Structure formats: C-alpha cells, structure tokens
Amino acid sequence: MASISIENVSKRYADGALAVNHVSLDVADGEFVVLVGPSGCGKSTLLRMIAGLEEISDGRIVVNGKVVNELPAKDRDIAMVFQTYALFPHMTVERNLSFGLRLRGTPRAETERRVREAAALLRLEPLMTRRPGQLSGGQRQRVAIGRALVREPAAFLMDEPLSNLDAKLRVHMRTEFARLRERLHTTTVYVTHDQVEAMTLGDRVCVMRDGLVQQVDTPEQLFLRPRNIFVAGFIGSPEMNFAAGRIENGELRLGSLRFPLPAAAVPAASEGKPVVVGLRPSDIREVPGKDTVEMRVQVELVERLGSEILAVFPVDATGVSADSVAAGDGAAIMAGGESRTSFTARLDASTPAAAGRPIPLHVNPAAIHLFDPATGMALRQGGT
Amino acid sequence: MLAPMVVVLAALTIYPFLANLWYSIRAVDLTQPFKQGFVGLRNFTSVVTGSGFLHSLTVTIVFVVVALALQLVIGFLVALALWRPLRGSRIFTTLLILPFGLTPVALALAWRLLFNPSGGGINVLLAHFGLPTLDWTASDALALPSLIIVDTWQWTPFVVLILLAGLMALPKEAFEAAAVEGAGFWRSVFYVALPLLRPLILVVVLFRGIDLFRTFDTFWVITAGGPGNATETLNVLLYRTAFQNLNFGRAAALALIMLVIVLVVSQPITKRIVSPRERR
C-alpha cells in the first residue's frame, strides 16, 4: 500500500486550456478518496496524471515518498479501473486477470493462486474461459476490478467505474465496492460525477470545479459545512435551495420571512448587506421543533418517492443559481431577476401535501447556510 | 431487374469458366489443328508431370511467401511509426498511395531500367558509394529477389495503409490499460495491437497472397521468366503454354490447377477471418 501526495499539480494542454489548476491533495495510506465534480472539472485528468497516462505540466506527484512525474505508467505499480473497463477483447477472463502478473514474470503458481483468489472474491469462477464480448456489463466490471486486484498494487485508481452500468446494477456494484473497500483497505483514488457514489464510498471527498479543488473533507462535513455555494449545491440531492436574502438587525430576511439568527452566527461584516441563503430540502420539516420558524407555503408540485415526498413551493425572494455565484457574477444575480423562486422540501410521505394546498413548514434557523454573493464563500455554515 | 445482371455475369464469368473447363478436357493444340477431341484428364497429368510445373510452382511459392512476409513486416513497422502523430506523417501517408497507383507495366519498365547491369540507376548508385555492382535481373540468383524488391516497393504502402487504419481504430483504453498493467511500447504491440489486428492482418494476407500469386506483368516486362527459367512462375508458364506453344487445352488445365491452389490455400484464411466474430 502507499500514500499519494499531489503537490501543486497543473495540467495545461497545447491550446493553453488549463484542465487542472494547482491542485494539492494528500491521500493517506489505505485511504479511499473520491474526486467528484461536474463534467470537465479536471477530475479524470488528475487521475490520469497519477496513473502516468497524462503528462504533468506543473507541480509533482509523490507516491510512497518517491516523485513519479517522470516515471512511465508501467513502472508506477498502480492499478486502474477504466470507465469503459478497457478489457483485452482477445483474451479470456483468466488471461485478462493474469495479464499484469505475466508481464511482471510472477511465478506461475503464484499467478494462479492470486487469480483464483480474485475470481472467488468477485464470483468470476464460472466465467474464466469466456471473452469480454461474452460478458454482461456488470461481469465486465468485475473482471476489470479483478484485473486491478490480482496485482496487489500500491494503489487503485478508478475512473467512473460505475457510469456505464444501468441504475439498478450501479447501486448493486456500489455496495460491492463498499464491501471491497472495507475488506482490502488499499489506497484508492476514485473519480465520479455522481455525488451519491462519492458520499457513500469516500473516506474523504474532493470536490472539483474548473480544474480547482473546492473542498476536501469527509462526506458528512461536505454536507453539513460546505465551504462555498458550489459545494453546497453539488453535494446533496435534491440540491440545496438558494435565494437572495438580507441580514438586518441580526435577523435574516428572506422575502417576507424573518429568521432570527443567533448573534454568534451572524458575521459582523454582513449586517445590512445582501447574502445568499442556502437551505437544504431535508432541513425543511413538516413538524415544528425547538426554535423552529414556521412558514406557510402554497404547494405547487408534489413528487412522491415512496417513503418520502418532494414538495415544491414558491418563496418571494430572488432566486440564485449556485453556478453563477461561484463563477463571480454574484452582483448581477442579486441586482436583477424575478423576486420569486421555488424551494423544494423533502418531507415524510405521510405529510398531507397536495398541489395548490397551503401547509405549514418549519425551519430551524441554525440549519440555514449563508454565502457571500460576490465570492460564493460560506459566511456561515448551517446544519442540524 | 436481375436479368441484365445475370446476362453480364454469365458473359463475363460463367461462360469463360465453362469454356476453360471444356478446353481443359480436350486436345486444343493450335500447332496440331487436326488432333482435337476429348482427352479426359490427360491435359492435367501432362501439366503436373511436365518438366516446368514443379519448378514454376516452387518459384511461385518462394515469390509469394517471401514477398508477403517482407510486405507484412515492413508494412507493420512503417504503420507503427506513423501511428503516433509526428510532424509530416500525414503528407507521408498521402504519398504512400503513389506506388500502388502507378500502372504496373510502366512501373516494371522503370525498374527494368534501374536494374540494368550496365548503366542502370541502382548500379550507378552502388558504384558511387564504392560498392560492388550486381547483375540483378541478369543473374539466376538475383532475378527473383529483384522482382520481390519491385513488388515489395510497390505494394508495401498498401499494407501500411490498411494496418495503419486498423491501428487508428483500436481502442486507446486497451493500450492505456496495458501500460498501467506494466507493458512498455513493444509489449503493448505484441500482446495488444497484433492480436487485435489479427483479422485485418489475415485480410491483408488473403488479398496480397492472391495478388502475388497472380502477378504477371512485372515478371513478363522485367525478366520474361528468365534468365533461363529462373523467374518462371505458374503465370509465366501458363502464358508460354497458351500463347507461345499454342496449347490451349494444357493451358486451360493449368489455369484450373492454379484456381484450385488459390481456393485450397485461401479457404482456411477466410475461415479465420470470419471466426473471431463468432467467438465474441
């Protein structure tokens, strides 16, 4: 096993585009770190740089104390699972699994033992003589993981390994991954654009956007204390509700709603100024609690998910898009726009909510997140 | 709608084939016009037991096998070199079309001049560098290798283009996976590129093999089967039997024997080209 240290690493393409912008990240020995972000955020490029498949324009990558910038992929002792699995179509499952060991001249008995163990772990025994073309998506996925496992590498790199599977299989394989993670404890860097995968698998999650690291933290901290409006919007499903508000006399004004904020929670510089208010759908409750503020809302739309419902209702405040604020056009957002936006609440399925019907909902002001409209940075991190 | 096609097909393929079959079992020797008639398989036995057949068969096999091997090896190496985009590789790839776009007879005439032992371009070049000059097409030992050089020069670019197209179409991830698994460039070539290109290589072997087997113009223009009968392939033997000895019956039998050879040799290759699809 190994530790991976990414120090101030950048990737600039020939056309000048900066795919990865001075990223620093430490992955401890045995840690499972997930790189997550929207398409084009540089997460896969960073992973490929660790693997040695992409040149590093600037900075350095250290694996187990050794700088690997100039080391070719074949000498890095790192295994990778590709989004397309990248199995060798002309080889049987058994040959695919043993490929890396055979290249390294591992004794035959040792190769066979490791292949047998990996096959047993991933339930591949009945498939050993088949070729990738004769396997289903899930089976190919398991072979790709098996190929990485048998080498017993210093670290695993996984590039969106579940994204080519259908929804049901993806959930199943996610559980398998989690199980493998618990069992093997091998240093892993896992790339995904799916925040649920990131939250369920990662010891720590690194959220990226436009080549920059936005926040590296445990899944719980990312959810409860996002550093900026982008992380707040990206992590959590349904997305956090955002709207323009103002702090006046220690009170948060959101349209016609007033939320008293604890004195310590209000940044002095924000007094009398506009802020972006963030409220998670799960922090809007159907039953009152201690210190909650009631808001009567007119439900517009109800989405029934079985055990819970998503109720969409209007709020008389200017809507804010997380993407625009973090891109630096906060002022423009705050100035214009319709002074009405929709919020979503995640409620218990028994809540008597129906479209067109007014219901009382309750919010604990302590759960409210506040962001600077100009920079998108958190002024106050909520969470209950 | 099909009728005109059937007529054309019958006129151009079926009739000549049947006529060939008819001639092959009859005595059709224009030097003995009064001795015509049914002879059964006698034309075939006299072709096979004739003095030139085994020699011509050997010359043909050596030509096909050596030229094919050279074209495949050189073609694959050049395709590998052009695979990684380098400055100028695109222009070079376009230039590759030129040799096999040329008229074979014109090309053969040019090579005959180049091979000329006295004053030919190649010997002039060798002499310029102080190297011994060679007899090329005038020597028993060098005539066939000379023709192999001509064919390799003309047709290797074709092999390069097909294999290069195949290499370009291979999935990039397979090579990246091989690199991560510990394979350097040459191991990736041997363990990944070559096996994945196998169907395409077999197509090249089939196309070029059949084409080499029926090469005639280059031989006829440059050496006419000589010196002596050093470069007398089955095609040259066939031409001599038909148009110099005027024995059309025996020539038709030889043509059928050649057809059978092509079918027997190409059958297993065709089978292998099709089979990988079934395995997947």
# chains A, B, ... in the order shown; residues from 1 in each chain; ligands from 1
>>> residues_around(residues="Arg147 in chain A", least_positions_apart="2", cutoff="8 Å", atoms="only C-alpha atoms", output="PyMOL selection string")
chain A and resi 96-100+143-145+149-151
>>> closest_atom_pairs(of="chain A", to="chain B", cutoff="7 Å", atoms="only C-alpha atoms", output="tab-separated table")
residue	atom	partner	partner_atom	distance
A:Ala51	CA	B:Val180	CA	7.0
A:Leu53	CA	B:Glu176	CA	6.9
A:Ala73	CA	B:Val180	CA	5.2
A:Lys74	CA	B:Gly182	CA	3.8
A:Asp75	CA	B:Gly182	CA	6.4
A:Ile78	CA	B:Val180	CA	6.7
A:Ala79	CA	B:Val180	CA	6.2
A:Met80	CA	B:Val180	CA	6.8
A:Ala86	CA	B:Ala174	CA	5.0
A:Leu87	CA	B:Ala174	CA	6.5
A:Phe88	CA	B:Ala174	CA	6.2
A:His90	CA	B:Leu196	CA	6.6
A:Gly100	CA	B:Glu181	CA	4.7
A:Leu103	CA	B:Gly182	CA	6.5
A:Arg131	CA	B:Arg280	CA	6.7
A:Gly133	CA	B:Arg280	CA	4.8
A:Gln134	CA	B:Arg280	CA	5.8
>>> write_last_selection(atoms="C-alpha atoms", output="PDB file, in the first residue's frame")
ATOM      1  CA  ALA A  51      -1.555   6.853 -13.360  1.00  0.00           C
ATOM      2  CA  LEU A  53      -1.200   8.398 -18.707  1.00  0.00           C
ATOM      3  CA  ALA A  73       2.838   4.267 -16.235  1.00  0.00           C
ATOM      4  CA  LYS A  74       4.205   0.718 -16.395  1.00  0.00           C
ATOM      5  CA  ASP A  75       6.663   1.369 -13.564  1.00  0.00           C
ATOM      6  CA  ILE A  78      -0.622   1.428  -9.698  1.00  0.00           C
ATOM      7  CA  ALA A  79      -3.720  -0.371 -10.966  1.00  0.00           C
ATOM      8  CA  MET A  80      -6.528   1.392 -12.755  1.00  0.00           C
ATOM      9  CA  ALA A  86     -10.632  -1.492 -21.150  1.00  0.00           C
ATOM     10  CA  LEU A  87     -10.516  -5.284 -21.014  1.00  0.00           C
ATOM     11  CA  PHE A  88      -8.475  -7.023 -23.684  1.00  0.00           C
ATOM     12  CA  HIS A  90      -8.929 -11.126 -27.460  1.00  0.00           C
ATOM     13  CA  GLY A 100      -0.176  -7.852 -15.360  1.00  0.00           C
ATOM     14  CA  LEU A 103       4.175  -9.247 -17.711  1.00  0.00           C
ATOM     15  CA  ARG A 131     -14.022 -13.491 -23.523  1.00  0.00           C
ATOM     16  CA  GLY A 133     -17.531  -9.869 -25.549  1.00  0.00           C
ATOM     17  CA  GLN A 134     -19.476 -12.737 -23.973  1.00  0.00           C
TER      18      GLN A 134
END
>>> select_by_dssp(residues="range 137-181 of chain A", states="strand (DSSP E or B)", output="list in words")
Ala155, Phe156, Leu157, Met158 and Asp159 of chain A
>>> write_last_selection(atoms="C-alpha atoms", output="compact mmCIF listing (two decimals), in the first residue's frame")
# COMPACT_ATOMS: atom_id res chain seq x y z
CA ALA A 155 -2.83 1.98 -5.07
CA PHE A 156 -6.04 1.69 -7.07
CA LEU A 157 -7.25 4.38 -9.41
CA MET A 158 -10.86 4.17 -10.57
CA ASP A 159 -12.20 6.35 -13.34
>>> residues_around(residues="range 73-80 of chain B", least_positions_apart="6", cutoff="7 Å", atoms="only C-alpha atoms", output="number ranges by chain")
B: 156-157, 159-160, 163-164
>>> write_last_selection(atoms="C-alpha atoms", output="compact mmCIF listing (two decimals), in the first residue's frame")
# COMPACT_ATOMS: atom_id res chain seq x y z
CA THR B 156 4.09 -2.39 -49.02
CA PRO B 157 2.42 1.05 -48.88
CA VAL B 159 -0.22 -2.92 -46.41
CA VAL B 160 0.90 0.16 -44.43
CA LEU B 163 -2.65 -1.72 -40.97
CA LEU B 164 -2.41 1.99 -40.08
>>> residues_around(residues="Ile149 in chain B", least_positions_apart="4", cutoff="8 Å", atoms="only C-alpha atoms", output="NGL selection string")
:B and (67 or 145 or 153)
